[in-house]
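Next comes work-v1.cif, a file with mmCIF, C-alpha atoms.
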data_protein
#
loop_
_atom_site.label_atom_id
_atom_site.label_comp_id
_atom_site.auth_asym_id
_atom_site.auth_seq_id
_atom_site.Cartn_x
_atom_site.Cartn_y
_atom_site.Cartn_z
CA MET A 1 6.06 -40.19 -24.30
CA LYS A 2 9.40 -40.89 -22.59
CA LYS A 3 10.90 -37.79 -24.22
CA THR A 4 8.00 -35.70 -22.94
CA ILE A 5 8.43 -36.98 -19.39
CA ILE A 6 12.18 -36.41 -19.52
CA PHE A 7 11.63 -32.90 -20.91
CA ILE A 8 9.14 -32.08 -18.16
CA PHE A 9 11.53 -33.44 -15.53
CA LEU A 10 14.51 -31.47 -16.88
CA PHE A 11 12.52 -28.27 -17.34
CA GLY A 12 11.06 -28.59 -13.84
CA ASN A 13 14.50 -29.24 -12.40
CA LEU A 14 15.93 -26.23 -14.22
CA ALA A 15 13.11 -24.00 -12.99
CA PHE A 16 13.62 -25.25 -9.41
CA THR A 17 17.40 -24.65 -9.61
CA ASN A 18 16.94 -21.09 -10.95
CA ALA A 19 14.36 -20.33 -8.27
CA GLN A 20 16.70 -21.70 -5.60
CA ASN A 21 19.60 -19.55 -6.87
CA LYS A 22 17.40 -16.45 -6.62
CA GLN A 23 16.45 -17.48 -3.09
CA ASP A 24 20.12 -17.71 -2.10
CA GLU A 25 20.67 -14.11 -3.19
CA PRO A 26 20.07 -11.51 -0.45
CA ILE A 27 16.86 -9.61 -1.14
CA TRP A 28 18.63 -6.29 -0.90
CA TRP A 29 20.75 -7.11 -4.00
CA LYS A 30 17.53 -7.27 -6.01
CA TRP A 31 16.33 -4.02 -4.45
CA GLU A 32 19.62 -2.33 -5.28
CA ARG A 33 19.32 -3.40 -8.92
CA GLU A 34 15.76 -2.02 -8.93
CA GLY A 35 16.89 1.32 -7.46
CA LYS A 36 15.04 0.78 -4.17
CA TYR A 37 17.83 2.35 -2.16
CA LEU A 38 15.87 3.33 0.94
CA GLU A 39 14.64 -0.25 1.23
CA VAL A 40 18.25 -1.45 1.00
CA VAL A 41 19.34 0.90 3.78
CA SER A 42 16.41 0.02 6.02
CA HIS A 43 16.96 -3.69 5.54
CA LEU A 44 20.70 -3.57 6.20
CA LEU A 45 20.29 -1.35 9.29
CA TYR A 46 17.67 -3.74 10.64
CA LYS A 47 19.98 -6.68 9.90
CA ILE A 48 22.86 -5.03 11.77
CA GLU A 49 20.69 -4.38 14.82
CA SER A 50 19.00 -7.78 14.91
CA ASP A 51 21.69 -10.23 13.79
CA SER A 52 24.72 -10.69 16.03
CA ILE A 53 26.64 -12.68 13.40
CA THR A 54 26.26 -10.23 10.53
CA ASN A 55 29.40 -8.74 8.99
CA LYS A 56 28.85 -5.18 10.18
CA HIS A 57 31.90 -3.84 8.31
CA SER A 58 30.50 -5.09 5.01
CA ASP A 59 26.91 -4.05 5.77
CA TYR A 60 27.96 -0.52 6.75
CA LEU A 61 30.03 -0.29 3.57
CA HIS A 62 26.98 -1.23 1.49
CA ILE A 63 24.86 1.29 3.40
CA ALA A 64 27.45 3.98 2.66
CA ARG A 65 27.47 3.10 -1.06
CA THR A 66 23.68 3.17 -1.11
CA TYR A 67 23.56 6.63 0.45
CA GLY A 68 26.16 7.60 -2.15
CA TYR A 69 23.76 6.46 -4.88
CA LEU A 70 21.21 8.83 -3.34
CA ASN A 71 23.85 11.61 -3.34
CA ASP A 72 23.46 11.91 0.42
CA TYR A 73 27.18 12.21 1.01
CA GLU A 74 26.85 13.24 4.66
CA LYS A 75 25.25 9.90 5.53
CA ALA A 76 27.56 8.06 3.12
CA ILE A 77 30.57 9.47 4.99
CA PHE A 78 29.08 8.57 8.37
CA TYR A 79 28.44 4.94 7.42
CA LEU A 80 31.67 4.54 5.46
CA LYS A 81 33.62 5.63 8.55
CA LYS A 82 31.54 3.23 10.65
CA SER A 83 32.44 0.41 8.27
CA MET A 84 36.12 0.88 9.05
CA ILE A 85 35.96 1.12 12.85
CA GLY A 86 38.68 -1.07 14.29
CA LEU A 87 40.43 -1.54 10.95
CA GLU A 88 43.74 0.04 10.03
CA GLU A 89 45.80 0.52 6.89
CA LYS A 90 48.20 -2.23 8.01
CA ASN A 91 45.30 -4.76 8.05
CA ASP A 92 44.77 -4.48 4.29
CA GLU A 93 46.62 -1.67 2.55
CA GLN A 94 44.91 -1.99 -0.80
CA PHE A 95 41.40 -1.97 0.66
CA TRP A 96 42.38 0.94 2.90
CA TRP A 97 43.38 2.95 -0.18
CA TYR A 98 40.05 2.11 -1.82
CA TYR A 99 38.23 3.17 1.36
CA GLN A 100 40.18 6.46 1.60
CA GLY A 101 39.63 7.22 -2.09
CA THR A 102 35.90 6.58 -1.82
CA LEU A 103 35.76 8.71 1.32
CA ALA A 104 37.56 11.49 -0.57
CA PHE A 105 34.93 11.33 -3.32
CA PHE A 106 32.12 11.63 -0.76
CA GLU A 107 33.98 14.52 0.90
CA ARG A 108 34.33 16.11 -2.56
CA ASN A 109 38.14 16.18 -2.32
CA LYS A 110 39.48 15.33 -5.77
CA ASP A 111 43.15 15.84 -4.80
CA LYS A 112 42.88 13.34 -1.92
CA LEU A 113 41.06 10.91 -4.21
CA LYS A 114 43.94 11.18 -6.70
CA VAL A 115 46.50 10.32 -3.99
CA TYR A 116 44.73 7.04 -3.15
CA LEU A 117 43.95 6.29 -6.79
CA ASP A 118 47.68 6.56 -7.57
CA LYS A 119 48.60 4.29 -4.65
CA LEU A 120 46.09 1.65 -5.76
CA GLU A 121 46.97 2.01 -9.43
CA ASN A 122 50.66 1.36 -8.73
CA ASN A 123 50.20 -1.46 -6.21
CA HIS A 124 46.92 -3.35 -6.71
CA SER A 125 46.66 -7.08 -6.93
CA ASN A 126 44.22 -8.69 -9.34
CA TYR A 127 41.87 -9.18 -6.38
CA TYR A 128 41.60 -5.39 -6.01
CA LYS A 129 41.42 -4.57 -9.72
CA ASN A 130 37.71 -3.67 -9.49
CA ASN A 131 38.41 -1.34 -6.55
CA TYR A 132 41.13 0.37 -8.60
CA LEU A 133 38.79 0.70 -11.59
CA THR A 134 36.10 2.15 -9.32
CA LEU A 135 38.46 4.82 -7.94
CA LYS A 136 39.66 5.58 -11.47
CA SER A 137 36.06 6.04 -12.59
CA LEU A 138 35.26 8.21 -9.55
CA HIS A 139 38.22 10.42 -10.40
CA GLU A 140 37.44 10.64 -14.12
CA ASN A 141 33.76 11.37 -13.43
CA PHE A 142 34.24 13.46 -10.30
CA GLU A 143 31.68 16.07 -11.37
CA LYS A 144 28.94 13.42 -11.57
CA GLY A 145 26.98 11.84 -8.73
CA TYR A 146 28.35 8.71 -7.09
CA PHE A 147 25.94 6.34 -8.84
CA GLU A 148 27.00 7.41 -12.30
CA ALA A 149 30.64 8.07 -11.41
CA SER A 150 31.15 4.60 -9.91
CA ARG A 151 29.63 2.68 -12.84
CA TRP A 152 32.82 1.86 -14.75
CA LYS A 153 31.50 -1.59 -15.72
CA ASN A 154 28.52 -0.02 -17.48
CA ASN A 155 30.79 2.46 -19.26
CA GLN A 156 32.98 -0.40 -20.55
CA ASN A 157 29.92 -2.09 -22.05
CA ASN A 158 28.90 1.11 -23.84
CA ASN A 159 32.26 1.56 -25.60
#

What does this structure look like when you write it as structure tokens?
Amino acid sequence: MKKTIIFIFLFGNLAFTNAQNKQDEPIWWKWEREGKYLEVVSHLLYKIESDSITNKHSDYLHIARTYGYLNDYEKAIFYLKKSMIGLEEKNDEQFWWYYQGTLAFFERNKDKLKVYLDKLENNHSNYYKNNYLTLKSLHENFEKGYFEASRWKNNQNNN
């Protein structure tokens, strides 16, 4: 009987903890995983307009990526540029190179992408390793759409 009560308590606690972790995750992460990209964009745009403490740089960056997944590069470019308003290369060189390389992909400029890929490849810290790998994947898969071209993690798992 004691074992049953302890099991019920532990199982209930585990279920509550897992549910709480899912609640801590922004809803748009789930939508992105489910491919609900227009919902992601709508939610983040609403959040930017209604929440004065939101990180607009980050939200605009995610909006740009989401439009990239939809292969709407015109909107992706618009929001990617908006994400960098007020920021300069000297603020964070390595992120700037990632930004410029991603912008080059959206602009369909493979030569420009290669310039920023090379800069990041030769000078990235471990913190920016994923950004480097993303630019590398964008360059190697330039003929594909952004969603597929940016999925280097998935490609590593398939090898």

Near-Tyr99 in chain A list (12 Å; all atoms listed in the file; drop same-chain fewer than 2 positions) as an mmCIF file with C-alpha atoms, keeping the file's coordinate frame:
data_model
loop_
_atom_site.group_PDB
_atom_site.id
_atom_site.type_symbol
_atom_site.label_atom_id
_atom_site.label_comp_id
_atom_site.auth_asym_id
_atom_site.auth_seq_id
_atom_site.Cartn_x
_atom_site.Cartn_y
_atom_site.Cartn_z
ATOM 1 C CA HIS A 57 31.900 -3.840 8.310
ATOM 2 C CA SER A 58 30.500 -5.090 5.010
ATOM 3 C CA LEU A 61 30.030 -0.290 3.570
ATOM 4 C CA ALA A 64 27.450 3.980 2.660
ATOM 5 C CA ARG A 65 27.470 3.100 -1.060
ATOM 6 C CA ALA A 76 27.560 8.060 3.120
ATOM 7 C CA ILE A 77 30.570 9.470 4.990
ATOM 8 C CA TYR A 79 28.440 4.940 7.420
ATOM 9 C CA LEU A 80 31.670 4.540 5.460
ATOM 10 C CA LYS A 81 33.620 5.630 8.550
ATOM 11 C CA LYS A 82 31.540 3.230 10.650
ATOM 12 C CA SER A 83 32.440 0.410 8.270
ATOM 13 C CA MET A 84 36.120 0.880 9.050
ATOM 14 C CA ILE A 85 35.960 1.120 12.850
ATOM 15 C CA LEU A 87 40.430 -1.540 10.950
ATOM 16 C CA GLU A 88 43.740 0.040 10.030
ATOM 17 C CA GLU A 89 45.800 0.520 6.890
ATOM 18 C CA ASP A 92 44.770 -4.480 4.290
ATOM 19 C CA GLU A 93 46.620 -1.670 2.550
ATOM 20 C CA GLN A 94 44.910 -1.990 -0.800
ATOM 21 C CA PHE A 95 41.400 -1.970 0.660
ATOM 22 C CA TRP A 96 42.380 0.940 2.900
ATOM 23 C CA TRP A 97 43.380 2.950 -0.180
ATOM 24 C CA GLY A 101 39.630 7.220 -2.090
ATOM 25 C CA THR A 102 35.900 6.580 -1.820
ATOM 26 C CA LEU A 103 35.760 8.710 1.320
ATOM 27 C CA ALA A 104 37.560 11.490 -0.570
ATOM 28 C CA PHE A 105 34.930 11.330 -3.320
ATOM 29 C CA PHE A 106 32.120 11.630 -0.760
ATOM 30 C CA LYS A 112 42.880 13.340 -1.920
ATOM 31 C CA LEU A 113 41.060 10.910 -4.210
ATOM 32 C CA TYR A 116 44.730 7.040 -3.150
ATOM 33 C CA LEU A 117 43.950 6.290 -6.790
ATOM 34 C CA LEU A 120 46.090 1.650 -5.760
ATOM 35 C CA TYR A 128 41.600 -5.390 -6.010
ATOM 36 C CA ASN A 131 38.410 -1.340 -6.550
ATOM 37 C CA TYR A 132 41.130 0.370 -8.600
ATOM 38 C CA THR A 134 36.100 2.150 -9.320
ATOM 39 C CA LEU A 135 38.460 4.820 -7.940
#

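Note that the spacing between CA of Asp118 in chain A and CA of Lys136 in chain A amounts to 9.0 Å.
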
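If you measure from each of A:Phe142, A:Gly86, A:Arg33, A:Tyr127 to Lys110 in chain A using all atoms listed in the file, the closest one turns out to be A:Phe142.
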
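Using all atoms listed in the file, the contacts of Leu70 in chain A at a cut-off of 12 Å, with sequence neighbours closer than 3 positions omitted, comprise Glu32, Gly35, Lys36, Tyr37, Leu38, Val40, Val41, Ile63, Ala64, Arg65, Thr66, Tyr67, Tyr73, Glu74, Lys75, Ala76, Phe106, Gly145, Tyr146, Phe147 and Glu148 of chain A.
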
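CA of Asn71 in chain A sits 21.5 Å away from CA of Asn130 in chain A.
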
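Straight-line separation from CA of Glu107 in chain A to CA of Ile48 in chain A: 25.0 Å.
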
Since the input has fewer atoms than a full residue there, write range 111-122 of chain A out with all heavy atoms, as a short mmCIF file (atom, residue, chain, number, x, y, z; two decimals), in the coordinates of the input.
data_model
loop_
_atom_site.label_atom_id
_atom_site.label_comp_id
_atom_site.auth_asym_id
_atom_site.auth_seq_id
_atom_site.Cartn_x
_atom_site.Cartn_y
_atom_site.Cartn_z
N ASP A 111 41.70 16.02 -4.98
CA ASP A 111 43.15 15.84 -4.80
C ASP A 111 43.44 14.64 -3.91
O ASP A 111 44.34 13.85 -4.20
CB ASP A 111 43.77 17.11 -4.19
CG ASP A 111 43.71 18.30 -5.15
OD1 ASP A 111 43.69 18.06 -6.38
OD2 ASP A 111 43.69 19.45 -4.67
N LYS A 112 42.70 14.49 -2.81
CA LYS A 112 42.88 13.34 -1.92
C LYS A 112 42.52 12.04 -2.64
O LYS A 112 43.21 11.03 -2.51
CB LYS A 112 42.03 13.51 -0.66
CG LYS A 112 42.18 12.39 0.35
CD LYS A 112 41.30 12.64 1.57
CE LYS A 112 41.24 11.44 2.48
NZ LYS A 112 40.26 11.63 3.58
N LEU A 113 41.45 12.08 -3.42
CA LEU A 113 41.06 10.91 -4.21
C LEU A 113 42.20 10.50 -5.13
O LEU A 113 42.53 9.31 -5.24
CB LEU A 113 39.79 11.21 -5.01
CG LEU A 113 39.36 10.20 -6.07
CD1 LEU A 113 39.17 8.80 -5.49
CD2 LEU A 113 38.08 10.67 -6.75
N LYS A 114 42.84 11.46 -5.77
CA LYS A 114 43.94 11.18 -6.70
C LYS A 114 45.12 10.51 -5.99
O LYS A 114 45.75 9.59 -6.53
CB LYS A 114 44.39 12.48 -7.39
CG LYS A 114 45.54 12.31 -8.36
CD LYS A 114 45.13 11.59 -9.61
CE LYS A 114 46.24 11.69 -10.66
NZ LYS A 114 46.62 10.42 -11.22
N VAL A 115 45.42 10.93 -4.76
CA VAL A 115 46.50 10.32 -3.99
C VAL A 115 46.25 8.82 -3.81
O VAL A 115 47.14 7.99 -4.05
CB VAL A 115 46.65 11.01 -2.61
CG1 VAL A 115 47.55 10.21 -1.67
CG2 VAL A 115 47.16 12.44 -2.78
N TYR A 116 45.04 8.46 -3.40
CA TYR A 116 44.73 7.04 -3.15
C TYR A 116 44.52 6.27 -4.44
O TYR A 116 44.84 5.08 -4.51
CB TYR A 116 43.55 6.92 -2.18
CG TYR A 116 43.99 7.35 -0.81
CD1 TYR A 116 43.67 8.60 -0.29
CD2 TYR A 116 44.79 6.51 -0.04
CE1 TYR A 116 44.12 9.00 0.95
CE2 TYR A 116 45.25 6.90 1.20
CZ TYR A 116 44.91 8.13 1.69
OH TYR A 116 45.38 8.53 2.91
N LEU A 117 44.03 6.93 -5.48
CA LEU A 117 43.95 6.29 -6.79
C LEU A 117 45.35 5.91 -7.26
O LEU A 117 45.57 4.78 -7.73
CB LEU A 117 43.28 7.23 -7.80
CG LEU A 117 43.39 6.82 -9.27
CD1 LEU A 117 42.74 5.47 -9.53
CD2 LEU A 117 42.78 7.90 -10.16
N ASP A 118 46.31 6.84 -7.13
CA ASP A 118 47.68 6.56 -7.57
C ASP A 118 48.29 5.41 -6.78
O ASP A 118 48.96 4.54 -7.35
CB ASP A 118 48.55 7.81 -7.43
CG ASP A 118 48.21 8.88 -8.46
OD1 ASP A 118 47.50 8.57 -9.45
OD2 ASP A 118 48.64 10.04 -8.27
N LYS A 119 48.06 5.39 -5.47
CA LYS A 119 48.60 4.29 -4.65
C LYS A 119 48.03 2.95 -5.12
O LYS A 119 48.76 1.97 -5.28
CB LYS A 119 48.25 4.49 -3.17
CG LYS A 119 49.07 5.56 -2.51
CD LYS A 119 48.73 5.63 -1.03
CE LYS A 119 49.59 6.68 -0.35
NZ LYS A 119 49.80 6.41 1.05
N LEU A 120 46.72 2.91 -5.35
CA LEU A 120 46.09 1.65 -5.76
C LEU A 120 46.47 1.29 -7.19
O LEU A 120 46.70 0.11 -7.49
CB LEU A 120 44.56 1.77 -5.60
CG LEU A 120 43.78 0.47 -5.51
CD1 LEU A 120 44.33 -0.46 -4.44
CD2 LEU A 120 42.31 0.75 -5.25
N GLU A 121 46.59 2.28 -8.04
CA GLU A 121 46.97 2.01 -9.43
C GLU A 121 48.36 1.36 -9.50
O GLU A 121 48.57 0.41 -10.26
CB GLU A 121 46.98 3.30 -10.24
CG GLU A 121 47.35 3.11 -11.69
CD GLU A 121 47.26 4.38 -12.50
OE1 GLU A 121 47.45 5.47 -11.94
OE2 GLU A 121 46.98 4.27 -13.71
N ASN A 122 49.27 1.84 -8.69
CA ASN A 122 50.66 1.36 -8.73
C ASN A 122 50.88 0.06 -7.97
O ASN A 122 51.91 -0.58 -8.14
CB ASN A 122 51.61 2.43 -8.18
CG ASN A 122 51.62 3.66 -9.08
OD1 ASN A 122 51.50 3.55 -10.29
ND2 ASN A 122 51.73 4.83 -8.47
#
